[in-house]
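Data from start-v8.cif: mmCIF, C-alpha atoms
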```cif
data_coords
#
loop_
_atom_site.label_atom_id
_atom_site.label_comp_id
_atom_site.auth_asym_id
_atom_site.auth_seq_id
_atom_site.Cartn_x
_atom_site.Cartn_y
_atom_site.Cartn_z
CA PRO A 1083 -11.63 -24.97 -26.63
CA MET A 1084 -12.60 -25.68 -30.23
CA ASN A 1085 -9.61 -27.99 -30.70
CA LYS A 1086 -10.52 -29.97 -27.60
CA PHE A 1087 -14.07 -30.31 -28.87
CA VAL A 1088 -12.92 -31.50 -32.28
CA PHE A 1089 -10.43 -33.94 -30.74
CA GLY A 1090 -13.09 -35.31 -28.40
CA ALA A 1091 -15.66 -35.66 -31.16
CA LEU A 1092 -13.24 -37.57 -33.36
CA ALA A 1093 -11.76 -39.67 -30.59
CA ALA A 1094 -15.09 -40.77 -29.07
CA PRO A 1095 -16.12 -43.12 -31.88
CA LEU A 1096 -12.61 -44.50 -32.06
CA LEU A 1097 -12.54 -45.24 -28.35
CA SER A 1098 -16.05 -46.72 -28.44
CA ALA A 1099 -14.86 -49.10 -31.14
CA THR A 1100 -12.08 -50.55 -28.99
CA GLY A 1101 -14.42 -53.14 -27.45
CA LEU A 1102 -15.02 -54.64 -30.90
CA ALA A 1103 -11.47 -54.36 -32.24
CA THR A 1104 -9.63 -57.53 -33.18
CA ASP A 1105 -5.90 -58.09 -32.77
CA THR A 1106 -5.33 -57.10 -36.40
CA GLU A 1107 -7.32 -53.86 -35.95
CA TRP A 1108 -5.36 -52.60 -32.92
CA PRO A 1109 -2.30 -51.41 -34.90
CA GLU A 1110 -4.53 -49.44 -37.30
CA LEU A 1111 -6.38 -47.85 -34.38
CA ASP A 1112 -3.07 -46.88 -32.77
CA ARG A 1113 -1.91 -45.22 -35.99
CA GLU A 1114 -5.16 -43.22 -36.28
CA LEU A 1115 -4.92 -41.98 -32.70
CA ALA A 1116 -1.24 -41.08 -33.13
CA ALA A 1117 -1.97 -39.16 -36.34
CA LEU A 1118 -4.84 -37.29 -34.68
CA ASN A 1119 -2.69 -36.38 -31.69
CA SER A 1120 0.21 -35.10 -33.83
CA ALA A 1121 -1.83 -33.06 -36.34
CA PRO A 1122 -0.64 -29.42 -36.49
CA LEU A 1123 -4.20 -28.17 -36.06
CA THR A 1124 -4.53 -29.74 -32.64
CA GLN A 1125 -1.07 -28.68 -31.49
CA GLU A 1126 -0.48 -25.17 -32.76
CA SER A 1127 -3.69 -23.41 -33.76
CA GLY A 1128 -5.78 -21.15 -31.56
CA GLY A 1129 -8.95 -19.22 -32.22
CA PRO A 1130 -10.48 -17.66 -34.07
CA TYR A 1131 -11.14 -15.11 -31.34
CA PHE A 1132 -13.70 -12.47 -32.23
CA TYR A 1133 -13.70 -8.82 -31.21
CA GLY A 1134 -15.50 -5.68 -32.25
CA TRP A 1135 -17.24 -2.50 -31.27
CA MET A 1136 -19.90 -0.01 -32.24
CA ILE A 1137 -20.10 3.72 -31.53
CA THR A 1138 -23.42 5.43 -32.05
CA ALA A 1139 -24.35 9.03 -31.28
CA PHE A 1140 -27.10 11.62 -31.42
CA ASP A 1141 -25.85 14.86 -32.99
CA TYR A 1142 -27.34 18.34 -32.89
CA ASN A 1143 -25.62 20.94 -35.08
CA ALA A 1144 -27.13 24.36 -34.60
CA ASP A 1145 -25.16 25.85 -37.50
CA ALA A 1146 -25.74 23.34 -40.32
CA GLU A 1147 -28.53 24.72 -42.50
CA ASP A 1148 -29.60 24.60 -46.12
CA THR A 1149 -30.40 27.70 -48.19
CA ALA A 1150 -33.95 27.69 -46.79
CA GLY A 1151 -32.70 27.81 -43.21
CA THR A 1152 -33.65 24.19 -42.40
CA LYS A 1153 -31.39 22.31 -39.97
CA THR A 1154 -29.50 19.56 -41.79
CA GLN A 1155 -27.63 17.80 -39.00
CA VAL A 1156 -30.01 16.77 -36.26
CA GLY A 1157 -30.39 13.06 -35.67
CA PHE A 1158 -28.67 9.79 -35.00
CA ASP A 1159 -25.35 8.75 -36.48
CA MET A 1160 -23.31 5.54 -36.44
CA ARG A 1161 -19.69 6.65 -36.03
CA ALA A 1162 -18.07 3.22 -36.17
CA GLY A 1163 -18.98 -0.45 -36.21
CA ARG A 1164 -16.38 -3.16 -36.58
CA ILE A 1165 -16.05 -6.91 -36.23
CA GLY A 1166 -12.77 -8.76 -36.47
CA MET A 1167 -11.06 -11.99 -35.61
CA THR A 1168 -7.57 -13.05 -34.67
CA GLY A 1169 -5.96 -16.42 -34.22
CA THR A 1170 -2.92 -18.63 -34.55
CA VAL A 1171 -2.48 -21.09 -37.41
CA ALA A 1172 0.86 -22.55 -36.34
CA GLU A 1173 3.63 -21.66 -33.96
CA ASN A 1174 4.77 -18.06 -34.62
CA TYR A 1175 2.10 -17.53 -37.33
CA GLU A 1176 -0.91 -15.36 -36.48
CA TYR A 1177 -3.66 -13.68 -38.48
CA THR A 1178 -5.98 -10.71 -38.09
CA VAL A 1179 -8.99 -9.92 -40.28
CA ALA A 1180 -11.39 -7.03 -39.62
CA TYR A 1181 -14.29 -5.32 -41.37
CA ASP A 1182 -15.67 -1.87 -40.60
CA PHE A 1183 -19.27 -1.07 -41.51
CA PHE A 1184 -19.35 2.70 -41.07
CA ASP A 1185 -16.02 4.46 -40.47
CA GLU A 1186 -14.72 5.06 -43.99
CA ARG A 1187 -11.60 6.85 -42.72
CA GLU A 1188 -10.39 3.57 -41.21
CA LEU A 1189 -10.47 1.55 -44.42
CA TRP A 1190 -7.92 0.28 -46.88
CA ARG A 1191 -6.97 3.41 -48.77
CA GLY A 1192 -6.85 1.92 -52.24
CA VAL A 1193 -5.16 3.69 -55.17
CA TYR A 1194 -5.19 7.40 -55.96
CA ASP A 1195 -5.94 8.31 -59.57
CA PRO A 1196 -4.76 11.92 -60.07
CA THR A 1197 -6.33 12.11 -63.52
CA VAL A 1198 -9.81 12.08 -61.93
CA GLY A 1199 -8.89 13.12 -58.40
CA THR A 1200 -10.39 10.11 -56.67
CA LEU A 1201 -9.37 6.95 -54.87
CA THR A 1202 -10.01 3.79 -56.86
CA ASP A 1203 -9.63 0.03 -56.53
CA GLY A 1204 -9.90 0.05 -52.75
CA VAL A 1205 -11.96 -2.59 -50.98
CA GLY A 1206 -14.71 -0.87 -49.04
CA GLY A 1207 -15.08 -2.13 -45.51
CA ILE A 1208 -11.74 -3.89 -45.04
CA THR A 1209 -9.63 -2.41 -42.26
CA ASP A 1210 -7.17 -5.21 -41.52
CA ALA A 1211 -6.22 -8.43 -43.28
CA TYR A 1212 -2.68 -9.42 -42.42
CA ALA A 1213 -0.43 -12.18 -41.16
CA LYS A 1214 1.96 -11.70 -38.26
CA ILE A 1215 5.11 -13.79 -38.12
CA LYS A 1216 7.32 -13.90 -35.05
CA ILE A 1217 10.99 -14.18 -36.03
CA GLN A 1218 12.60 -13.51 -32.66
CA ASP A 1219 11.46 -12.24 -29.28
CA TYR A 1220 12.04 -8.66 -30.44
CA VAL A 1221 11.35 -8.89 -34.18
CA ASN A 1222 8.01 -9.51 -35.95
CA VAL A 1223 6.77 -9.30 -39.55
CA ARG A 1224 3.39 -8.14 -40.85
CA MET A 1225 2.19 -8.84 -44.40
CA GLY A 1226 -1.13 -7.74 -45.88
CA ILE A 1227 -3.43 -4.79 -45.20
CA TYR A 1228 -2.69 -2.91 -41.98
CA ASN A 1229 -1.96 0.52 -40.52
CA ALA A 1230 1.63 1.35 -41.45
CA ALA A 1231 3.97 3.19 -39.08
CA THR A 1232 2.15 6.31 -38.01
CA LEU A 1233 1.11 8.52 -35.10
CA ARG A 1234 -0.15 6.85 -31.92
CA SER A 1235 -3.53 8.62 -32.21
CA SER A 1236 -4.19 6.64 -35.42
CA THR A 1237 -3.59 3.25 -33.83
CA ILE A 1238 -5.74 3.54 -30.70
CA GLN A 1239 -8.83 1.34 -31.07
CA ARG A 1240 -11.84 3.52 -31.80
CA ASN A 1241 -13.67 2.36 -28.67
CA HIS A 1242 -10.56 3.00 -26.53
CA SER A 1243 -10.41 6.71 -27.33
CA LEU A 1244 -11.13 9.54 -24.91
CA PHE A 1245 -13.22 11.40 -27.50
CA ILE A 1246 -15.99 10.19 -29.82
CA ASP A 1247 -13.82 11.10 -32.83
CA ARG A 1248 -10.11 10.80 -33.46
CA SER A 1249 -7.94 13.89 -33.59
CA PHE A 1250 -7.54 15.39 -37.05
CA LEU A 1251 -4.10 13.83 -37.58
CA GLY A 1252 -5.28 10.57 -36.03
CA GLN A 1253 -8.10 10.51 -38.57
CA GLN A 1254 -5.79 11.43 -41.48
CA ASP A 1255 -3.41 8.55 -40.80
CA SER A 1256 -5.88 5.85 -39.78
CA ASN A 1257 -6.25 4.47 -43.33
CA ARG A 1258 -4.74 1.06 -44.03
CA GLU A 1259 -2.07 0.26 -46.61
CA LEU A 1260 -1.10 -2.95 -48.41
CA GLY A 1261 2.48 -4.08 -47.88
CA VAL A 1262 4.99 -5.65 -45.51
CA GLY A 1263 6.66 -4.40 -42.37
CA LEU A 1264 9.00 -5.22 -39.50
CA PHE A 1265 8.28 -4.19 -35.93
CA GLY A 1266 9.35 -4.99 -32.42
CA ASN A 1267 10.52 -3.61 -29.11
CA PHE A 1268 13.65 -3.74 -27.03
CA SER A 1269 13.66 -2.52 -23.48
CA ARG A 1270 12.02 0.94 -23.70
CA VAL A 1271 12.26 1.31 -27.48
CA ASN A 1272 9.42 0.40 -29.89
CA TRP A 1273 10.13 0.47 -33.63
CA TYR A 1274 8.32 -0.03 -36.97
CA LEU A 1275 9.54 -0.18 -40.60
CA ASP A 1276 7.10 -0.56 -43.51
CA VAL A 1277 7.17 -0.83 -47.29
CA ASN A 1278 3.75 -0.40 -48.95
CA ASN A 1279 2.32 -0.07 -52.44
CA GLY A 1280 1.54 3.57 -51.81
CA MET A 1281 -0.56 5.89 -53.92
CA ASP A 1282 0.26 4.24 -57.26
CA GLY A 1283 -0.91 0.80 -56.18
CA THR A 1284 1.02 -1.91 -57.98
CA GLY A 1285 3.01 0.61 -59.99
CA ASP A 1286 6.79 0.69 -59.70
CA GLY A 1287 6.77 3.21 -56.86
CA PHE A 1288 6.69 2.27 -53.17
CA ALA A 1289 5.84 4.07 -49.97
CA TYR A 1290 8.23 3.87 -47.04
CA ALA A 1291 7.39 4.54 -43.41
CA GLY A 1292 9.20 4.27 -40.12
CA ARG A 1293 8.41 4.99 -36.48
CA VAL A 1294 10.46 4.83 -33.32
CA ASP A 1295 9.11 5.74 -29.90
CA PHE A 1296 10.60 5.69 -26.43
CA ASP A 1297 9.00 4.84 -23.10
CA ILE A 1298 10.91 7.51 -21.21
CA MET A 1299 8.92 6.76 -18.05
CA GLY A 1300 6.63 3.84 -17.36
CA LYS A 1301 4.87 2.14 -20.26
CA LEU A 1302 2.72 3.36 -23.16
CA SER A 1303 -0.97 2.73 -22.62
CA ALA A 1304 -3.33 1.08 -25.11
CA TYR A 1305 -5.96 3.72 -24.23
CA GLU A 1306 -6.43 7.44 -24.66
CA GLY A 1307 -6.63 9.32 -21.40
CA ALA A 1308 -5.95 8.10 -17.87
CA TYR A 1309 -8.63 5.42 -17.55
CA GLY A 1310 -7.08 1.99 -18.06
CA ALA A 1311 -3.51 3.32 -18.23
CA PRO A 1312 -0.70 1.74 -16.17
CA GLU A 1313 -0.31 3.15 -12.68
CA GLY A 1314 2.27 5.80 -11.92
CA THR A 1315 3.79 8.24 -14.39
CA ASN A 1316 4.04 7.18 -18.04
CA LEU A 1317 5.71 9.28 -20.73
CA ASN A 1318 6.21 8.22 -24.35
CA VAL A 1319 7.74 10.23 -27.22
CA GLY A 1320 7.62 9.10 -30.87
CA LEU A 1321 9.00 10.13 -34.27
CA VAL A 1322 7.53 9.11 -37.66
CA TYR A 1323 8.74 9.57 -41.24
CA LYS A 1324 6.85 8.68 -44.45
CA ASP A 1325 7.87 9.02 -48.07
CA ASP A 1326 5.75 8.19 -51.13
CA SER A 1327 5.83 9.11 -54.80
CA SER A 1328 3.85 8.31 -57.94
CA ASP A 1329 3.74 9.10 -61.64
CA VAL A 1330 0.35 7.95 -62.93
CA GLY A 1331 -0.95 9.21 -66.26
CA GLY A 1332 1.87 11.76 -66.45
CA VAL A 1333 0.78 13.39 -63.18
CA SER A 1334 3.51 13.33 -60.54
CA GLN A 1335 2.64 13.17 -56.86
CA ASP A 1336 5.09 13.28 -53.98
CA ALA A 1337 4.61 12.82 -50.27
CA SER A 1338 7.15 13.49 -47.57
CA VAL A 1339 5.79 13.70 -44.04
CA PHE A 1340 7.67 14.06 -40.77
CA SER A 1341 5.63 13.65 -37.58
CA ALA A 1342 6.15 13.61 -33.83
CA ASP A 1343 3.95 12.87 -30.83
CA ALA A 1344 4.15 12.74 -27.05
CA THR A 1345 1.82 11.14 -24.51
CA LEU A 1346 1.84 11.68 -20.73
CA VAL A 1347 -0.25 9.94 -18.08
CA ALA A 1348 0.43 10.86 -14.45
CA GLY A 1349 -2.14 9.33 -12.16
CA ALA A 1350 -5.53 10.85 -13.01
CA PHE A 1351 -4.05 13.45 -15.37
CA SER A 1352 -3.29 12.87 -19.06
CA ALA A 1353 -1.97 15.02 -21.89
CA PHE A 1354 -0.81 14.57 -25.47
CA GLY A 1355 0.54 16.52 -28.42
CA GLU A 1356 1.18 15.68 -32.08
CA VAL A 1357 2.36 17.47 -35.20
CA SER A 1358 2.98 16.61 -38.87
CA ASP A 1359 5.05 18.57 -41.37
CA TYR A 1360 4.01 17.99 -45.00
CA ASP A 1361 6.80 19.44 -47.13
CA LYS A 1362 5.76 18.26 -50.60
CA ASN A 1363 2.63 18.66 -52.71
CA VAL A 1364 0.87 15.34 -52.26
CA GLY A 1365 -2.63 16.31 -53.36
CA ALA A 1366 -5.84 14.58 -52.34
CA TYR A 1367 -4.33 11.17 -51.57
CA TYR A 1368 -3.06 12.36 -48.20
CA PHE A 1369 -4.92 15.64 -47.73
CA ASN A 1370 -8.65 15.14 -47.54
CA PRO A 1371 -9.94 16.66 -44.31
CA VAL A 1372 -13.28 15.26 -43.25
CA LEU A 1373 -14.65 17.50 -40.52
CA PRO A 1374 -17.91 17.38 -38.55
CA GLY A 1375 -20.32 19.71 -40.26
CA GLY A 1376 -18.42 19.89 -43.55
CA THR A 1377 -15.30 19.06 -45.51
CA GLY A 1378 -12.21 21.21 -45.13
CA ALA A 1379 -10.78 23.15 -48.05
CA GLY A 1380 -7.83 20.79 -48.38
CA MET A 1381 -4.10 21.35 -48.27
CA VAL A 1382 -3.10 21.83 -51.88
CA GLY A 1383 0.48 23.06 -51.96
CA VAL A 1384 3.40 22.60 -49.61
CA ASN A 1385 4.49 23.38 -46.07
CA HIS A 1386 1.31 22.55 -44.20
CA THR A 1387 1.82 21.74 -40.53
CA PRO A 1388 -1.36 20.55 -38.77
CA TRP A 1389 -1.09 19.84 -35.04
CA SER A 1390 -3.18 18.87 -32.04
CA ILE A 1391 -2.90 19.10 -28.27
CA GLY A 1392 -5.16 17.76 -25.55
CA ALA A 1393 -5.55 16.95 -21.87
CA GLY A 1394 -7.83 14.93 -19.63
CA TYR A 1395 -8.61 14.31 -15.98
CA LEU A 1396 -10.15 11.21 -14.37
CA PHE A 1397 -12.28 11.75 -11.28
CA ALA A 1398 -14.58 9.69 -9.06
CA GLU A 1399 -12.96 6.63 -10.70
CA VAL A 1400 -15.55 6.34 -13.49
CA TYR A 1401 -15.74 9.88 -14.93
CA GLU A 1402 -13.22 11.52 -17.24
CA VAL A 1403 -13.25 14.96 -18.80
CA GLY A 1404 -11.11 15.91 -21.79
CA PHE A 1405 -10.24 18.86 -24.02
CA ARG A 1406 -8.60 18.75 -27.48
CA TYR A 1407 -7.58 21.43 -29.97
CA ASP A 1408 -6.94 20.63 -33.66
CA ASN A 1409 -5.22 23.18 -35.89
CA ILE A 1410 -5.95 21.81 -39.38
CA ASP A 1411 -3.73 24.31 -41.21
CA ASP A 1412 -5.71 23.91 -44.41
CA VAL A 1413 -6.36 26.63 -46.99
CA ASP A 1414 -9.13 28.09 -44.81
CA LYS A 1415 -7.09 27.84 -41.58
CA THR A 1416 -9.72 25.65 -39.96
CA LYS A 1417 -9.54 25.07 -36.21
CA ARG A 1418 -11.49 22.54 -34.15
CA TYR A 1419 -12.20 22.36 -30.41
CA ASN A 1420 -13.53 19.30 -28.56
CA ILE A 1421 -14.82 19.01 -24.99
CA VAL A 1422 -15.94 15.60 -23.70
CA LEU A 1423 -17.26 14.00 -20.52
CA ASN A 1424 -17.14 10.20 -20.28
CA ARG A 1425 -19.00 7.90 -17.90
CA TYR A 1426 -17.41 4.43 -17.79
CA VAL A 1427 -20.02 1.77 -17.05
CA TYR A 1428 -17.83 -1.24 -17.83
CA GLY A 1429 -14.51 0.32 -18.68
CA HIS A 1430 -14.08 1.37 -22.31
CA ASP A 1431 -16.26 -1.58 -23.37
CA VAL A 1432 -19.38 0.23 -22.14
CA LYS A 1433 -19.19 4.01 -21.85
CA TRP A 1434 -21.41 7.04 -22.38
CA GLN A 1435 -19.89 10.16 -23.95
CA LEU A 1436 -21.18 13.73 -23.92
CA GLN A 1437 -19.18 15.85 -26.37
CA TYR A 1438 -19.34 19.37 -27.75
CA THR A 1439 -17.35 20.13 -30.91
CA PHE A 1440 -17.02 23.59 -32.42
CA GLY A 1441 -14.66 25.43 -34.71
CA ASP A 1442 -13.93 28.39 -36.92
CA SER A 1443 -12.26 29.11 -40.25
CA ASP A 1444 -11.42 31.91 -42.66
CA ALA A 1445 -13.73 30.55 -45.37
CA THR A 1446 -16.07 33.02 -47.03
CA GLY A 1447 -19.82 32.63 -47.19
CA THR A 1448 -22.53 32.15 -44.60
CA THR A 1449 -22.10 30.16 -41.41
CA ALA A 1450 -24.24 27.37 -42.87
CA ASN A 1451 -21.77 26.53 -45.61
CA LYS A 1452 -18.41 27.56 -44.15
CA PRO A 1453 -16.30 24.47 -43.45
CA GLY A 1454 -15.41 24.38 -39.79
CA GLU A 1455 -18.02 26.92 -38.69
CA TRP A 1456 -20.23 24.66 -36.62
CA GLY A 1457 -21.15 23.68 -33.09
CA ILE A 1458 -22.17 20.05 -32.59
CA LEU A 1459 -23.53 18.58 -29.36
CA SER A 1460 -23.21 14.78 -29.36
CA VAL A 1461 -24.36 12.08 -26.97
CA GLY A 1462 -22.57 8.84 -27.75
CA LEU A 1463 -22.56 5.25 -26.58
CA ALA A 1464 -19.56 2.99 -27.20
CA LEU A 1465 -19.84 -0.80 -26.82
CA GLY A 1466 -16.96 -3.20 -27.32
CA PHE A 1467 -16.32 -6.89 -26.91
#
```

Let me see the file written as structure tokens.
Amino acid sequence: PMNKFVFGALAAPLLSATGLATDTEWPELDRELAALNSAPLTQESGGPYFYGWMITAFDYNADAEDTAGTKTQVGFDMRAGRIGMTGTVAENYEYTVAYDFFDERELWRGVYDPTVGTLTDGVGGITDAYAKIKIQDYVNVRMGIYNAATLRSSTIQRNHSLFIDRSFLGQQDSNRELGVGLFGNFSRVNWYLDVNNGMDGTGDGFAYAGRVDFDIMGKLSAYEGAYGAPEGTNLNVGLVYKDDSSDVGGVSQDASVFSADATLVAGAFSAFGEVSDYDKNVGAYYFNPVLPGGTGAGMVGVNHTPWSIGAGYLFAEVYEVGFRYDNIDDVDKTKRYNIVLNRYVYGHDVKWQLQYTFGDSDATGTTANKPGEWGILSVGLALGF
């Protein structure tokens, strides 16, 4: 629509001038019209098309208290707020740029500095900034900042999820990386290969990631749960492998993660499961649990295997109930339980969510300061466009 407007605005004065044109001016006018008609902008570009969402909630945590016994988590919270745009510059060349205002777990990860134990040089707010190039019908390239090959729960749009929050593993892997990747699909097979800067940034080490998943039955949905999923029975199984290493300031860090997930939607019923096996000591760059009501104790060391399972049921066409269990497998053996009831007003673009999240852990201390020992009642509203 914008191209038509621009073309019309430029062509109108040219066409209005035809009544005054002399014989010597006609050839020049023809050349101007021909150039305007053949410009790449008018032929190939599309967009930008804007999209976004916001997720806000009221939280009541009966267990979060300070040393004086005062409740510390009662009030309103903005879980996520994003705006982005996509478009086409020329044939086979697309772009995506997005900015998140609140959900820090979704952002460009930046660089891990083991000498101070923090992430540095990241750009706060940026979630996606990449180009997509179509090479063939089944092969595409991405270059820039994006979510490298990972679990499905990390790639579902935040406002398309069954729960207010992602699963633990979905949250862990939702950070963006800077690099280049190939991806595509053939028949029932979807595949992804990525090379990213990794934890040492522009150092000489790279991070490698790959995912392959299979649509064993039906087709993989773009949504969590049964609402919006393709009709019939849909079963998808995926495998993911990531490898990253760094030697910054004489401190060596290694990451080797093998993951698997499975998603089933059969009519009104849905279920999923996911697991990751971390078999090297990767430190805070990958292991930084952020849990409602507190921060987990972390996963310093090796052989941590967090996993999640969940199920949902859609009834009366616009209501969906779901249950999810997260086994964090951190030092304190934190576990998290989520129960949600959704009311879809306008699909996932307008939905109310009533969720109760609770957990337990082996941490010492009082309930008020034990990570994972909380019970949070949340009433959320998700709006998308």

Query raised in the report: So which residues touch Val1400 of chain A within 10 Å, counting all atoms listed in the file, skipping near sequence neighbours fewer than 4 positions away, as a ChimeraX atom specification?
Result: /A:1309,1396,1424-1429,1433

Report task. Evaluate the PyMOL selection byres ((chain A and resi 1270) around 9) on the structure here and hand back the selected residues as a PyMOL selection string. Result -> chain A and resi 1267-1269+1271-1272+1295-1301

**Report entry** Resolved residues for the PyMOL selection byres ((chain A and resi 1355) around 7) as a ChimeraX atom specification
**Finding:** /A:1343-1345,1354,1356,1390-1392

Requested in this report: Would you kindly return, as number ranges by chain, each protein, DNA or RNA residue with an atom no farther than 8 Å from any atom of Val1432 of chain A, considering only C-alpha atoms and excluding same-chain residues fewer than 6 positions away?
Outcome: A: 1426, 1463-1466

Requested in this report: Work out how far atom CA of Gly1207 of chain A is from atom CA of Asp1182 of chain A, in Å to one decimal.
Outcome: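 Between atom CA of Asp1182 of chain A and atom CA of Gly1207 of chain A the gap works out to 5.0 Å.
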
Report task. Determine, counting only C-alpha atoms, which protein, DNA and RNA residues have an atom within 12 Å of an atom of Phe1397 of chain A; residues of the same chain fewer than 4 positions away are not included. Present the result as a ChimeraX atom specification. Result -> /A:1307-1309,1349-1352,1401-1404,1423-1426

**Report entry** Distance of atom CA of Asp1431 of chain A from atom CA of His1242 of chain A, expressed in Å to one decimal place
**Finding:**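 Here the two named atoms are 8.0 Å from each other.
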
Report task. Name every residue that the PyMOL selection byres ((chain A and resi 1326) around 7) selects in this structure, writing the answer as a PyMOL selection string with chains first and numbers rising. Result -> chain A and resi 1280+1288-1290+1324-1325+1327+1336-1338

Report task. Would you mind reading off the distance between atom CA of Ser1256 of chain A and atom CA of Gln1218 of chain A, one decimal, in Å? Result -> 27.7 Å

Report task. Choose the residue, out of A:Tyr1305, A:Phe1184, A:Tyr1419, A:Tyr1360, that has the smallest atom-to-atom separation from Ser1243 of chain A; count all atoms listed in the file. Result ->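 Among A:Tyr1305, A:Phe1184, A:Tyr1419, A:Tyr1360, it is A:Tyr1305 that comes nearest to Ser1243 of chain A.
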
Report task. Excluding segment 1168-1178 of chain A and residues on its chain fewer than 4 positions from it, collect all residues at most 6 Å away from it, counting only C-alpha atoms, and give them as a list in words. Result ->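 Once the adjacent positions are removed, what remains is Glu1126, Ser1127, Gly1128, Gly1129, Pro1130, Tyr1131, Ala1211, Tyr1212, Ala1213, Lys1214, Ile1215 and Lys1216 of chain A.
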
Query - From A:Ile1208, A:Ile1238, A:Leu1233, A:Met1160, residue lying nearest Ala1139 of chain A [all atoms listed in the file] - result: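 Of the candidates, the smallest distance to Ala1139 of chain A is held by A:Met1160.
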
Query raised in the report: Using all atoms listed in the file, which residue out of A:Leu1260, A:Met1281, A:Ile1217, A:Ala1348 lies closest to Asn1229 of chain A?
Result: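 When distances to Asn1229 of chain A are compared using all atoms listed in the file, the smallest one comes from A:Leu1260.
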
Query - Polymer residues at most 7 Å from (-9.6, -3.9, -37.1) by only C-alpha atoms, as a list in words - result: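 Neighbouring residues, ordered by chain and number, come to Arg1164, Gly1166, Val1179, Ala1180, Tyr1181, Thr1209 and Asp1210 of chain A.
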
Requested in this report: Give the answer as one residue: which of A:Thr1232, A:Thr1387, A:Ser1303, A:Ser1249 has the shortest atom-to-atom distance to Trp1273 of chain A, using only C-alpha atoms?
Outcome: A:Thr1232

Requested in this report: Tell me which of A:Val1357, A:Ala1393, A:Ile1421, A:Ala1144 sits closest to Gly1320 of chain A, counting all atoms listed in the file.
Outcome: A:Val1357

Extract segment 1422-1433 of chain A from the preceding block and save N, CA, C and O atoms as a CSV table (one decimal), in the first residue's frame.
```
chain,number,residue,atom,x,y,z
A,1422,VAL,N,-2.9,-23.0,35.1
A,1422,VAL,CA,-3.4,-21.8,34.4
A,1422,VAL,C,-4.8,-22.1,33.9
A,1422,VAL,O,-5.1,-23.2,33.5
A,1423,LEU,N,-5.6,-21.0,33.8
A,1423,LEU,CA,-6.9,-21.0,33.1
A,1423,LEU,C,-6.9,-19.8,32.2
A,1423,LEU,O,-6.8,-18.7,32.7
A,1424,ASN,N,-7.1,-20.1,30.9
A,1424,ASN,CA,-7.2,-19.0,29.9
A,1424,ASN,C,-8.6,-18.8,29.4
A,1424,ASN,O,-9.3,-19.7,29.2
A,1425,ARG,N,-8.9,-17.5,29.2
A,1425,ARG,CA,-10.2,-17.1,28.5
A,1425,ARG,C,-9.8,-16.4,27.3
A,1425,ARG,O,-9.2,-15.2,27.4
A,1426,TYR,N,-10.0,-16.9,26.1
A,1426,TYR,CA,-9.7,-16.3,24.8
A,1426,TYR,C,-10.8,-15.4,24.4
A,1426,TYR,O,-11.9,-15.8,24.1
A,1427,VAL,N,-10.5,-14.1,24.4
A,1427,VAL,CA,-11.5,-13.1,23.9
A,1427,VAL,C,-11.5,-12.9,22.4
A,1427,VAL,O,-12.5,-12.9,21.7
A,1428,TYR,N,-10.2,-12.8,21.9
A,1428,TYR,CA,-10.0,-12.6,20.5
A,1428,TYR,C,-8.7,-13.5,20.2
A,1428,TYR,O,-7.7,-12.9,19.8
A,1429,GLY,N,-8.9,-14.8,20.3
A,1429,GLY,CA,-7.7,-15.7,20.2
A,1429,GLY,C,-6.6,-15.3,21.1
A,1429,GLY,O,-6.9,-14.8,22.2
A,1430,HIS,N,-5.4,-15.6,20.8
A,1430,HIS,CA,-4.2,-15.3,21.6
A,1430,HIS,C,-3.9,-13.8,21.6
A,1430,HIS,O,-3.1,-13.3,22.4
A,1431,ASP,N,-4.6,-13.0,20.7
A,1431,ASP,CA,-4.3,-11.6,20.7
A,1431,ASP,C,-5.0,-10.8,21.8
A,1431,ASP,O,-4.6,-9.7,22.1
A,1432,VAL,N,-6.1,-11.4,22.3
A,1432,VAL,CA,-6.7,-10.8,23.5
A,1432,VAL,C,-7.1,-12.0,24.4
A,1432,VAL,O,-8.0,-12.7,24.1
A,1433,LYS,N,-6.4,-12.2,25.5
A,1433,LYS,CA,-6.8,-13.3,26.4
A,1433,LYS,C,-6.5,-12.9,27.9
A,1433,LYS,O,-5.5,-12.2,28.2
```
